[in-house]
$ cat run.pdb   # PDB, C-alpha atoms and all ligand atoms
ATOM      1  CA  MET F  25      81.443  75.779  56.509  1.00  0.00           C
ATOM      2  CA  ARG F  26      83.476  75.521  53.311  1.00  0.00           C
ATOM      3  CA  PHE F  27      86.680  77.524  52.892  1.00  0.00           C
ATOM      4  CA  ASP F  28      88.508  77.843  49.586  1.00  0.00           C
ATOM      5  CA  ILE F  29      91.940  79.414  49.901  1.00  0.00           C
ATOM      6  CA  LEU F  30      93.806  80.897  46.941  1.00  0.00           C
ATOM      7  CA  THR F  31      97.558  81.023  47.430  1.00  0.00           C
ATOM      8  CA  ILE F  32     100.864  80.452  45.660  1.00  0.00           C
ATOM      9  CA  PHE F  33     102.025  78.405  48.673  1.00  0.00           C
ATOM     10  CA  PRO F  34      99.322  75.780  49.319  1.00  0.00           C
ATOM     11  CA  GLU F  35     101.668  73.511  51.302  1.00  0.00           C
ATOM     12  CA  ILE F  36     101.893  76.114  54.060  1.00  0.00           C
ATOM     13  CA  PHE F  37      98.407  75.098  55.201  1.00  0.00           C
ATOM     14  CA  ASN F  38      98.973  71.353  55.476  1.00  0.00           C
ATOM     15  CA  SER F  39     100.514  71.272  58.896  1.00  0.00           C
ATOM     16  CA  TYR F  40      98.238  73.728  60.710  1.00  0.00           C
ATOM     17  CA  PHE F  41      94.988  72.243  59.457  1.00  0.00           C
ATOM     18  CA  GLU F  42      96.153  68.695  60.165  1.00  0.00           C
ATOM     19  CA  GLU F  43      96.311  69.102  63.945  1.00  0.00           C
ATOM     20  CA  SER F  44      93.972  69.263  66.889  1.00  0.00           C
ATOM     21  CA  ILE F  45      90.553  70.929  66.752  1.00  0.00           C
ATOM     22  CA  LEU F  46      90.524  71.867  63.077  1.00  0.00           C
ATOM     23  CA  LYS F  47      91.617  68.376  62.066  1.00  0.00           C
ATOM     24  CA  ARG F  48      88.753  66.899  64.104  1.00  0.00           C
ATOM     25  CA  ALA F  49      86.309  69.417  62.638  1.00  0.00           C
ATOM     26  CA  LYS F  50      87.328  68.344  59.145  1.00  0.00           C
ATOM     27  CA  GLU F  51      86.986  64.671  60.029  1.00  0.00           C
ATOM     28  CA  LYS F  52      83.479  65.333  61.387  1.00  0.00           C
ATOM     29  CA  ASN F  53      82.640  67.236  58.177  1.00  0.00           C
ATOM     30  CA  LEU F  54      81.883  70.381  60.163  1.00  0.00           C
ATOM     31  CA  ILE F  55      84.347  72.283  57.989  1.00  0.00           C
ATOM     32  CA  GLU F  56      85.893  71.754  54.566  1.00  0.00           C
ATOM     33  CA  ILE F  57      89.153  73.448  53.606  1.00  0.00           C
ATOM     34  CA  HIS F  58      90.347  73.479  50.002  1.00  0.00           C
ATOM     35  CA  THR F  59      93.558  75.166  48.875  1.00  0.00           C
ATOM     36  CA  HIS F  60      94.126  76.240  45.273  1.00  0.00           C
ATOM     37  CA  ASP F  61      97.514  77.027  43.790  1.00  0.00           C
ATOM     38  CA  ILE F  62      97.192  80.315  41.888  1.00  0.00           C
ATOM     39  CA  ARG F  63     100.334  79.451  39.920  1.00  0.00           C
ATOM     40  CA  LYS F  64      98.542  76.530  38.233  1.00  0.00           C
ATOM     41  CA  PHE F  65      96.215  79.051  36.582  1.00  0.00           C
ATOM     42  CA  SER F  66      99.047  81.099  35.033  1.00  0.00           C
ATOM     43  CA  LYS F  67      99.053  81.099  31.239  1.00  0.00           C
ATOM     44  CA  ASP F  68     102.689  82.224  31.227  1.00  0.00           C
ATOM     45  CA  LYS F  69     104.994  79.516  29.869  1.00  0.00           C
ATOM     46  CA  HIS F  70     107.112  79.745  33.037  1.00  0.00           C
ATOM     47  CA  LYS F  71     104.018  79.868  35.261  1.00  0.00           C
ATOM     48  CA  LYS F  72     104.941  83.376  36.381  1.00  0.00           C
ATOM     49  CA  VAL F  73     102.456  85.068  38.714  1.00  0.00           C
ATOM     50  CA  ASP F  74     104.193  88.413  39.298  1.00  0.00           C
ATOM     51  CA  ASP F  75     105.622  91.320  37.347  1.00  0.00           C
ATOM     52  CA  MET F  76     107.141  94.761  37.823  1.00  0.00           C
ATOM     53  CA  PRO F  77     104.831  97.574  38.873  1.00  0.00           C
ATOM     54  CA  PHE F  78     103.699 100.135  36.312  1.00  0.00           C
ATOM     55  CA  GLY F  79     105.093 103.495  37.322  1.00  0.00           C
ATOM     56  CA  GLY F  80     108.164 101.901  38.880  1.00  0.00           C
ATOM     57  CA  GLY F  81     108.912 101.285  42.514  1.00  0.00           C
ATOM     58  CA  ALA F  82     110.251  98.482  44.611  1.00  0.00           C
ATOM     59  CA  GLY F  83     108.915  94.948  44.584  1.00  0.00           C
ATOM     60  CA  MET F  84     106.758  92.864  42.304  1.00  0.00           C
ATOM     61  CA  VAL F  85     102.988  92.779  41.925  1.00  0.00           C
ATOM     62  CA  MET F  86     100.812  89.694  41.423  1.00  0.00           C
ATOM     63  CA  THR F  87      99.525  89.774  37.851  1.00  0.00           C
ATOM     64  CA  PRO F  88      95.782  89.811  37.185  1.00  0.00           C
ATOM     65  CA  GLN F  89      95.449  86.855  34.750  1.00  0.00           C
ATOM     66  CA  PRO F  90      96.247  83.944  37.105  1.00  0.00           C
ATOM     67  CA  LEU F  91      94.287  85.603  39.908  1.00  0.00           C
ATOM     68  CA  TYR F  92      91.275  86.220  37.666  1.00  0.00           C
ATOM     69  CA  ASP F  93      91.182  82.649  36.359  1.00  0.00           C
ATOM     70  CA  ALA F  94      91.787  81.139  39.793  1.00  0.00           C
ATOM     71  CA  ILE F  95      89.025  83.187  41.396  1.00  0.00           C
ATOM     72  CA  GLU F  96      86.573  82.480  38.553  1.00  0.00           C
ATOM     73  CA  HIS F  97      87.290  78.761  38.916  1.00  0.00           C
ATOM     74  CA  VAL F  98      86.844  78.765  42.677  1.00  0.00           C
ATOM     75  CA  LYS F  99      83.594  80.716  42.331  1.00  0.00           C
ATOM     76  CA  THR F 100      82.117  77.695  40.542  1.00  0.00           C
ATOM     77  CA  LEU F 101      82.821  75.642  43.697  1.00  0.00           C
ATOM     78  CA  ASN F 102      82.125  78.179  46.424  1.00  0.00           C
ATOM     79  CA  LYS F 103      79.291  80.736  46.429  1.00  0.00           C
ATOM     80  CA  GLY F 104      80.662  82.769  49.340  1.00  0.00           C
ATOM     81  CA  PRO F 105      82.293  86.198  49.335  1.00  0.00           C
ATOM     82  CA  VAL F 106      85.846  86.667  48.060  1.00  0.00           C
ATOM     83  CA  ILE F 107      87.865  88.047  50.942  1.00  0.00           C
ATOM     84  CA  TYR F 108      91.291  89.466  50.195  1.00  0.00           C
ATOM     85  CA  MET F 109      93.682  89.310  53.135  1.00  0.00           C
ATOM     86  CA  SER F 110      95.131  92.803  53.083  1.00  0.00           C
ATOM     87  CA  PRO F 111      96.905  95.198  55.446  1.00  0.00           C
ATOM     88  CA  GLN F 112      94.570  97.911  54.105  1.00  0.00           C
ATOM     89  CA  GLY F 113      91.451  95.929  55.034  1.00  0.00           C
ATOM     90  CA  LYS F 114      89.114  96.244  58.008  1.00  0.00           C
ATOM     91  CA  VAL F 115      90.901  94.946  61.072  1.00  0.00           C
ATOM     92  CA  LEU F 116      89.497  91.578  62.164  1.00  0.00           C
ATOM     93  CA  SER F 117      87.684  91.568  65.499  1.00  0.00           C
ATOM     94  CA  GLN F 118      85.673  88.970  67.388  1.00  0.00           C
ATOM     95  CA  SER F 119      82.401  90.620  66.329  1.00  0.00           C
ATOM     96  CA  LYS F 120      83.493  90.437  62.690  1.00  0.00           C
ATOM     97  CA  VAL F 121      84.427  86.766  63.157  1.00  0.00           C
ATOM     98  CA  GLU F 122      80.985  86.116  64.672  1.00  0.00           C
ATOM     99  CA  LYS F 123      79.325  87.797  61.683  1.00  0.00           C
ATOM    100  CA  PHE F 124      81.285  85.696  59.168  1.00  0.00           C
ATOM    101  CA  SER F 125      80.553  82.537  61.117  1.00  0.00           C
ATOM    102  CA  SER F 126      76.805  83.117  61.329  1.00  0.00           C
ATOM    103  CA  LYS F 127      76.232  84.763  57.934  1.00  0.00           C
ATOM    104  CA  TYR F 128      78.084  82.452  55.548  1.00  0.00           C
ATOM    105  CA  LYS F 129      78.298  78.740  54.809  1.00  0.00           C
ATOM    106  CA  GLU F 130      81.071  79.285  52.248  1.00  0.00           C
ATOM    107  CA  ILE F 131      83.972  81.737  52.126  1.00  0.00           C
ATOM    108  CA  ILE F 132      86.799  82.327  49.618  1.00  0.00           C
ATOM    109  CA  LEU F 133      90.084  83.630  51.019  1.00  0.00           C
ATOM    110  CA  LEU F 134      92.652  85.242  48.735  1.00  0.00           C
ATOM    111  CA  CYS F 135      96.275  85.424  49.888  1.00  0.00           C
ATOM    112  CA  GLY F 136      98.552  88.036  48.363  1.00  0.00           C
ATOM    113  CA  ARG F 137     102.358  87.966  48.179  1.00  0.00           C
ATOM    114  CA  TYR F 138     105.063  90.409  47.039  1.00  0.00           C
ATOM    115  CA  GLU F 139     103.792  94.018  47.044  1.00  0.00           C
ATOM    116  CA  GLY F 140     100.249  92.695  46.756  1.00  0.00           C
ATOM    117  CA  ILE F 141      97.831  92.034  43.906  1.00  0.00           C
ATOM    118  CA  ASP F 142      96.908  94.039  40.796  1.00  0.00           C
ATOM    119  CA  GLN F 143      94.358  96.693  41.779  1.00  0.00           C
ATOM    120  CA  ARG F 144      91.928  95.603  39.036  1.00  0.00           C
ATOM    121  CA  ILE F 145      91.326  92.309  40.835  1.00  0.00           C
ATOM    122  CA  ARG F 146      90.640  94.202  44.045  1.00  0.00           C
ATOM    123  CA  ASP F 147      88.211  96.475  42.211  1.00  0.00           C
ATOM    124  CA  THR F 148      86.257  93.789  40.388  1.00  0.00           C
ATOM    125  CA  LEU F 149      86.466  90.407  42.117  1.00  0.00           C
ATOM    126  CA  VAL F 150      87.118  91.119  45.776  1.00  0.00           C
ATOM    127  CA  ASP F 151      84.047  91.567  48.007  1.00  0.00           C
ATOM    128  CA  GLU F 152      85.833  92.527  51.193  1.00  0.00           C
ATOM    129  CA  GLU F 153      89.355  93.172  52.465  1.00  0.00           C
ATOM    130  CA  ILE F 154      90.347  91.983  55.919  1.00  0.00           C
ATOM    131  CA  SER F 155      93.505  92.804  57.855  1.00  0.00           C
ATOM    132  CA  VAL F 156      94.680  90.807  60.850  1.00  0.00           C
ATOM    133  CA  GLY F 157      96.383  93.803  62.404  1.00  0.00           C
ATOM    134  CA  LYS F 158      98.191  97.044  61.852  1.00  0.00           C
ATOM    135  CA  TYR F 159     101.434  95.472  60.673  1.00  0.00           C
ATOM    136  CA  VAL F 160     102.655  94.008  57.391  1.00  0.00           C
ATOM    137  CA  LEU F 161     103.359  90.301  56.875  1.00  0.00           C
ATOM    138  CA  THR F 162     105.114  88.668  53.919  1.00  0.00           C
ATOM    139  CA  GLY F 163     101.924  86.993  52.709  1.00  0.00           C
ATOM    140  CA  GLY F 164      98.210  86.438  53.273  1.00  0.00           C
ATOM    141  CA  GLU F 165      98.588  82.794  54.313  1.00  0.00           C
ATOM    142  CA  LEU F 166      98.862  83.388  58.070  1.00  0.00           C
ATOM    143  CA  PRO F 167      95.910  85.824  57.963  1.00  0.00           C
ATOM    144  CA  ALA F 168      93.862  83.214  56.031  1.00  0.00           C
ATOM    145  CA  MET F 169      94.693  80.619  58.689  1.00  0.00           C
ATOM    146  CA  ILE F 170      93.589  83.057  61.363  1.00  0.00           C
ATOM    147  CA  MET F 171      90.273  83.565  59.583  1.00  0.00           C
ATOM    148  CA  VAL F 172      89.655  79.811  59.220  1.00  0.00           C
ATOM    149  CA  ASP F 173      90.617  79.158  62.833  1.00  0.00           C
ATOM    150  CA  ALA F 174      88.611  81.970  64.419  1.00  0.00           C
ATOM    151  CA  ILE F 175      85.498  81.361  62.298  1.00  0.00           C
ATOM    152  CA  SER F 176      85.568  77.562  62.606  1.00  0.00           C
ATOM    153  CA  ARG F 177      85.731  77.464  66.388  1.00  0.00           C
ATOM    154  CA  LEU F 178      82.378  79.278  66.553  1.00  0.00           C
ATOM    155  CA  ILE F 179      80.623  76.620  64.471  1.00  0.00           C
ATOM    156  CA  PRO F 180      78.478  74.436  66.744  1.00  0.00           C
ATOM    157  CA  GLU F 181      80.206  71.188  67.761  1.00  0.00           C
ATOM    158  CA  VAL F 182      83.670  72.234  66.543  1.00  0.00           C
ATOM    159  CA  LEU F 183      84.776  72.810  70.130  1.00  0.00           C
ATOM    160  CA  GLY F 184      84.220  70.120  72.681  1.00  0.00           C
ATOM    161  CA  LYS F 185      82.593  70.985  76.022  1.00  0.00           C
ATOM    162  CA  GLN F 186      86.062  71.372  77.534  1.00  0.00           C
ATOM    163  CA  GLU F 187      87.040  74.044  75.041  1.00  0.00           C
ATOM    164  CA  SER F 188      83.712  75.854  74.785  1.00  0.00           C
ATOM    165  CA  HIS F 189      83.931  79.377  73.367  1.00  0.00           C
ATOM    166  CA  LEU F 190      81.033  80.472  75.593  1.00  0.00           C
ATOM    167  CA  GLU F 191      83.704  81.124  78.195  1.00  0.00           C
ATOM    168  CA  ASP F 192      85.755  83.337  75.874  1.00  0.00           C
ATOM    169  CA  SER F 193      86.639  86.830  76.951  1.00  0.00           C
ATOM    170  CA  PHE F 194      85.034  88.318  73.839  1.00  0.00           C
ATOM    171  CA  SER F 195      81.952  86.134  73.666  1.00  0.00           C
ATOM    172  CA  LEU F 196      78.508  86.531  75.238  1.00  0.00           C
ATOM    173  CA  SER F 197      78.634  90.288  75.114  1.00  0.00           C
ATOM    174  CA  LEU F 198      80.969  92.198  72.901  1.00  0.00           C
ATOM    175  CA  ASP F 199      81.854  94.744  75.535  1.00  0.00           C
ATOM    176  CA  ARG F 200      83.013  92.077  77.983  1.00  0.00           C
ATOM    177  CA  LYS F 201      86.621  92.179  76.940  1.00  0.00           C
ATOM    178  CA  LYS F 202      88.119  91.054  80.220  1.00  0.00           C
ATOM    179  CA  GLU F 203      89.136  87.606  81.340  1.00  0.00           C
ATOM    180  CA  TYR F 204      89.961  86.147  84.748  1.00  0.00           C
ATOM    181  CA  PRO F 205      93.332  84.406  85.351  1.00  0.00           C
ATOM    182  CA  HIS F 206      93.510  80.655  84.701  1.00  0.00           C
ATOM    183  CA  TYR F 207      95.433  78.145  86.826  1.00  0.00           C
ATOM    184  CA  THR F 208      95.929  74.397  86.554  1.00  0.00           C
ATOM    185  CA  ARG F 209      97.954  71.702  88.351  1.00  0.00           C
ATOM    186  CA  PRO F 210     100.310  71.655  90.197  1.00  0.00           C
ATOM    187  CA  ALA F 211      98.882  73.739  93.048  1.00  0.00           C
ATOM    188  CA  VAL F 212     102.398  74.975  93.823  1.00  0.00           C
ATOM    189  CA  PHE F 213     104.841  75.667  91.009  1.00  0.00           C
ATOM    190  CA  LYS F 214     108.342  76.930  91.798  1.00  0.00           C
ATOM    191  CA  GLY F 215     107.002  78.217  95.099  1.00  0.00           C
ATOM    192  CA  MET F 216     104.037  80.043  93.503  1.00  0.00           C
ATOM    193  CA  LYS F 217     100.675  78.990  94.938  1.00  0.00           C
ATOM    194  CA  VAL F 218      97.315  78.857  93.175  1.00  0.00           C
ATOM    195  CA  PRO F 219      94.837  81.156  94.994  1.00  0.00           C
ATOM    196  CA  GLU F 220      93.248  78.969  97.680  1.00  0.00           C
ATOM    197  CA  VAL F 221      89.681  79.922  96.864  1.00  0.00           C
ATOM    198  CA  LEU F 222      89.971  78.175  93.458  1.00  0.00           C
ATOM    199  CA  SER F 223      90.317  74.771  95.067  1.00  0.00           C
ATOM    200  CA  SER F 224      87.768  75.471  97.818  1.00  0.00           C
ATOM    201  CA  GLY F 225      84.836  74.039  95.847  1.00  0.00           C
ATOM    202  CA  ASN F 226      82.825  77.118  96.882  1.00  0.00           C
ATOM    203  CA  HIS F 227      81.417  78.217  93.532  1.00  0.00           C
ATOM    204  CA  LYS F 228      79.955  81.459  94.848  1.00  0.00           C
ATOM    205  CA  GLU F 229      83.329  82.494  96.240  1.00  0.00           C
ATOM    206  CA  ILE F 230      85.135  81.363  93.090  1.00  0.00           C
ATOM    207  CA  GLU F 231      82.769  83.449  90.961  1.00  0.00           C
ATOM    208  CA  LYS F 232      83.326  86.443  93.265  1.00  0.00           C
ATOM    209  CA  TRP F 233      87.124  86.018  93.060  1.00  0.00           C
ATOM    210  CA  ARG F 234      87.017  85.720  89.272  1.00  0.00           C
ATOM    211  CA  LYS F 235      84.890  88.847  88.931  1.00  0.00           C
ATOM    212  CA  LYS F 236      87.272  90.750  91.171  1.00  0.00           C
ATOM    213  CA  ASN F 237      90.278  89.603  89.177  1.00  0.00           C
ATOM    214  CA  LEU F 238      89.053  90.330  85.652  1.00  0.00           C
ATOM    215  CA  LYS F 239      91.840  91.807  83.581  1.00  0.00           C
TER     216      LYS F 239
HETATM  217  N1  LIG M 301     102.776  96.463  49.827  1.00  0.00           N
HETATM  218  C1  LIG M 301     101.751  96.068  50.698  1.00  0.00           C
HETATM  219  C2  LIG M 301     101.413  97.197  51.654  1.00  0.00           C
HETATM  220  O1  LIG M 301     102.273  97.991  51.957  1.00  0.00           O
HETATM  221  O2  LIG M 301     100.277  97.234  52.096  1.00  0.00           O
HETATM  222  C3  LIG M 301     102.160  94.858  51.530  1.00  0.00           C
HETATM  223  C4  LIG M 301     102.056  93.591  50.812  1.00  0.00           C
HETATM  224  S1  LIG M 301     102.446  92.229  51.855  1.00  0.00           S
HETATM  225  C5  LIG M 301     104.168  92.211  51.810  1.00  0.00           C
HETATM  226  C6  LIG M 301     102.000  90.844  50.894  1.00  0.00           C
HETATM  227  C7  LIG M 301     100.637  90.248  51.193  1.00  0.00           C
HETATM  228  O3  LIG M 301     100.587  89.860  52.534  1.00  0.00           O
HETATM  229  C8  LIG M 301      99.440  91.152  51.000  1.00  0.00           C
HETATM  230  O4  LIG M 301      99.035  91.174  49.658  1.00  0.00           O
HETATM  231  C9  LIG M 301      98.423  90.510  51.903  1.00  0.00           C
HETATM  232  O5  LIG M 301      97.732  89.474  51.242  1.00  0.00           O
HETATM  233  C10 LIG M 301      99.257  89.910  53.002  1.00  0.00           C
HETATM  234  N2  LIG M 301      99.268  90.680  54.267  1.00  0.00           N
HETATM  235  C11 LIG M 301     100.323  91.344  54.794  1.00  0.00           C
HETATM  236  N3  LIG M 301     100.018  91.917  55.959  1.00  0.00           N
HETATM  237  C12 LIG M 301      98.726  91.619  56.208  1.00  0.00           C
HETATM  238  C13 LIG M 301      97.826  91.936  57.256  1.00  0.00           C
HETATM  239  N4  LIG M 301      98.187  92.693  58.288  1.00  0.00           N
HETATM  240  N5  LIG M 301      96.572  91.443  57.194  1.00  0.00           N
HETATM  241  C14 LIG M 301      96.189  90.684  56.147  1.00  0.00           C
HETATM  242  N6  LIG M 301      96.981  90.367  55.111  1.00  0.00           N
HETATM  243  C15 LIG M 301      98.235  90.819  55.138  1.00  0.00           C
END
$ encode --input "run.pdb" --output "structure tokens" --more "lines below"
Ligand code: SAM
Amino acid sequence: MRFDILTIFPEIFNSYFEESILKRAKEKNLIEIHTHDIRKFSKDKHKKVDDMPFGGGAGMVMTPQPLYDAIEHVKTLNKGPVIYMSPQGKVLSQSKVEKFSSKYKEIILLCGRYEGIDQRIRDTLVDEEISVGKYVLTGGELPAMIMVDAISRLIPEVLGKQESHLEDSFSLSLDRKKEYPHYTRPAVFKGMKVPEVLSSGNHKEIEKWRKKNLK
């Protein structure tokens, strides 16, 4: 899977994508992540990417020119849909993540800042708007990271056997939204004991206990 991320803060992504599972997935060429600095596409002599809103009001709006040129450039590298991270978008769910992961080999993620992006870009170049929840963040970078993370972990071989998503609370069947409690060593922590059945080795009983304790 190839992700191209459009942002005015490309450095934000360096740390998250350079750790753990996603780092390994990149090294194994299971995923490719490219960030593009929208500011570099600005034709303004000061590389401005925002301006005051027509009609007045608080806050700045991302201007269409740098966004247009950045998106057109990235479209020559990535044939996937342009997804604008937006609080007005469809709220991301596991079934949506599964659809993205199975339907596309390439995805373009557009991160807004300020009061958002000029509507004309939304109307003409954006294929879909996705929200990560019913709250407003300062930018689309965290939502883009969430998309990359959630989609990537469903790609075969990204997770090792230990981390398999087949055990996820939302996987297998979309209406199975419950999960059983997890415990690890030590068996007693600050006086709190792990339920005995879990170290009994009796898989039938463990399964029964887990079913009974789904939350
Ligand atoms: N004025 C906008 C509004 O009220 O909807 C909020 C803009 S927000 C401060 C700046 C950027 O953050 C947005 O353009 C979007 O890219 C991103 N963003 C904020 N909240 C988000 C969310 N819940 N899901 C996805 N993206 C979000």
$ closest_residue --input "run.pdb" --among "F:Lys114, F:His58, F:Lys50, F:His97" --to "Ile29 (chain F)" --atoms "only C-alpha atoms"
F:His58
$ closest_atom_pairs --input "run.pdb" --of "region 171-239 of chain F" --to "region 30-48 of chain F" --cutoff "8 Å" --atoms "all atoms listed in the file" --output "Markdown table"
| residue | atom | partner | partner_atom | distance |
| --- | --- | --- | --- | --- |
| F:Asp173 | CA | F:Leu46 | CA | 7.3 |
| F:Ser176 | CA | F:Leu46 | CA | 7.6 |
| F:Val182 | CA | F:Ile45 | CA | 7.0 |
| F:Leu183 | CA | F:Ile45 | CA | 7.0 |
$ write_last_selection --input "run.pdb" --atoms "C-alpha atoms" --output "short mmCIF file (atom, residue, chain, number, x, y, z; two decimals), in the coordinates of the input"
data_model
loop_
_atom_site.label_atom_id
_atom_site.label_comp_id
_atom_site.auth_asym_id
_atom_site.auth_seq_id
_atom_site.Cartn_x
_atom_site.Cartn_y
_atom_site.Cartn_z
CA ASP F 173 90.62 79.16 62.83
CA SER F 176 85.57 77.56 62.61
CA VAL F 182 83.67 72.23 66.54
CA LEU F 183 84.78 72.81 70.13
#
$ resolve_selection --input "run.pdb" --expression "the PyMOL selection byres (((not hetatm)) within 10 of (chain M and resi 301))" --output "ChimeraX atom specification"
/F:31,82-86,107-116,133-142,153-168,170-171
$ closest_residue --input "run.pdb" --among "F:Phe78, F:Phe124, F:Trp233, F:Tyr92" --to "Pro219 (chain F)" --atoms "all atoms listed in the file"
F:Trp233
$ resolve_selection --input "run.pdb" --expression "the PyMOL selection byres (((chain F and resi 89) around 10) and not hetatm)" --output "list of chain:residue names"
F:Ile62, F:Phe65, F:Ser66, F:Lys67, F:Asp68, F:Val73, F:Asp74, F:Met86, F:Thr87, F:Pro88, F:Pro90, F:Leu91, F:Tyr92, F:Asp93, F:Ala94, F:Ile95, F:Asp142, F:Ile145
$ closest_residue --input "run.pdb" --among "F:Leu101, F:Ala49, F:Val106, F:Met25" --to "Lys127 (chain F)" --atoms "only C-alpha atoms"
F:Met25
$ resolve_selection --input "run.pdb" --expression "the PyMOL selection byres (((chain F and resi 103) around 12) and not hetatm)" --output "MDAnalysis selection string"
chainID F and resid 25:28 95:102 104:106 128:132 151
$ atom_distance --input "run.pdb" --atom1 "CA of Asn237 (chain F)" --atom2 "CA of Phe213 (chain F)"
20.2 Å
$ atom_distance --input "run.pdb" --atom1 "CA of Glu203 (chain F)" --atom2 "CA of Leu238 (chain F)"
5.1 Å
$ closest_residue --input "run.pdb" --among "F:Glu187, F:His60, F:Leu178, F:Lys228" --to "Lys123 (chain F)" --atoms "all atoms listed in the file"
F:Leu178
$ atom_distance --input "run.pdb" --atom1 "CA of Gly81 (chain F)" --atom2 "CA of Arg63 (chain F)"
23.6 Å
$ axis_aligned_box --input "run.pdb" --around "region 90-98 of chain F" --padding-each-side "8 Å" --output "JSON"
{"center_x": 91.4, "center_y": 82.5, "center_z": 39.5, "size_x": 25.7, "size_y": 23.5, "size_z": 22.3}
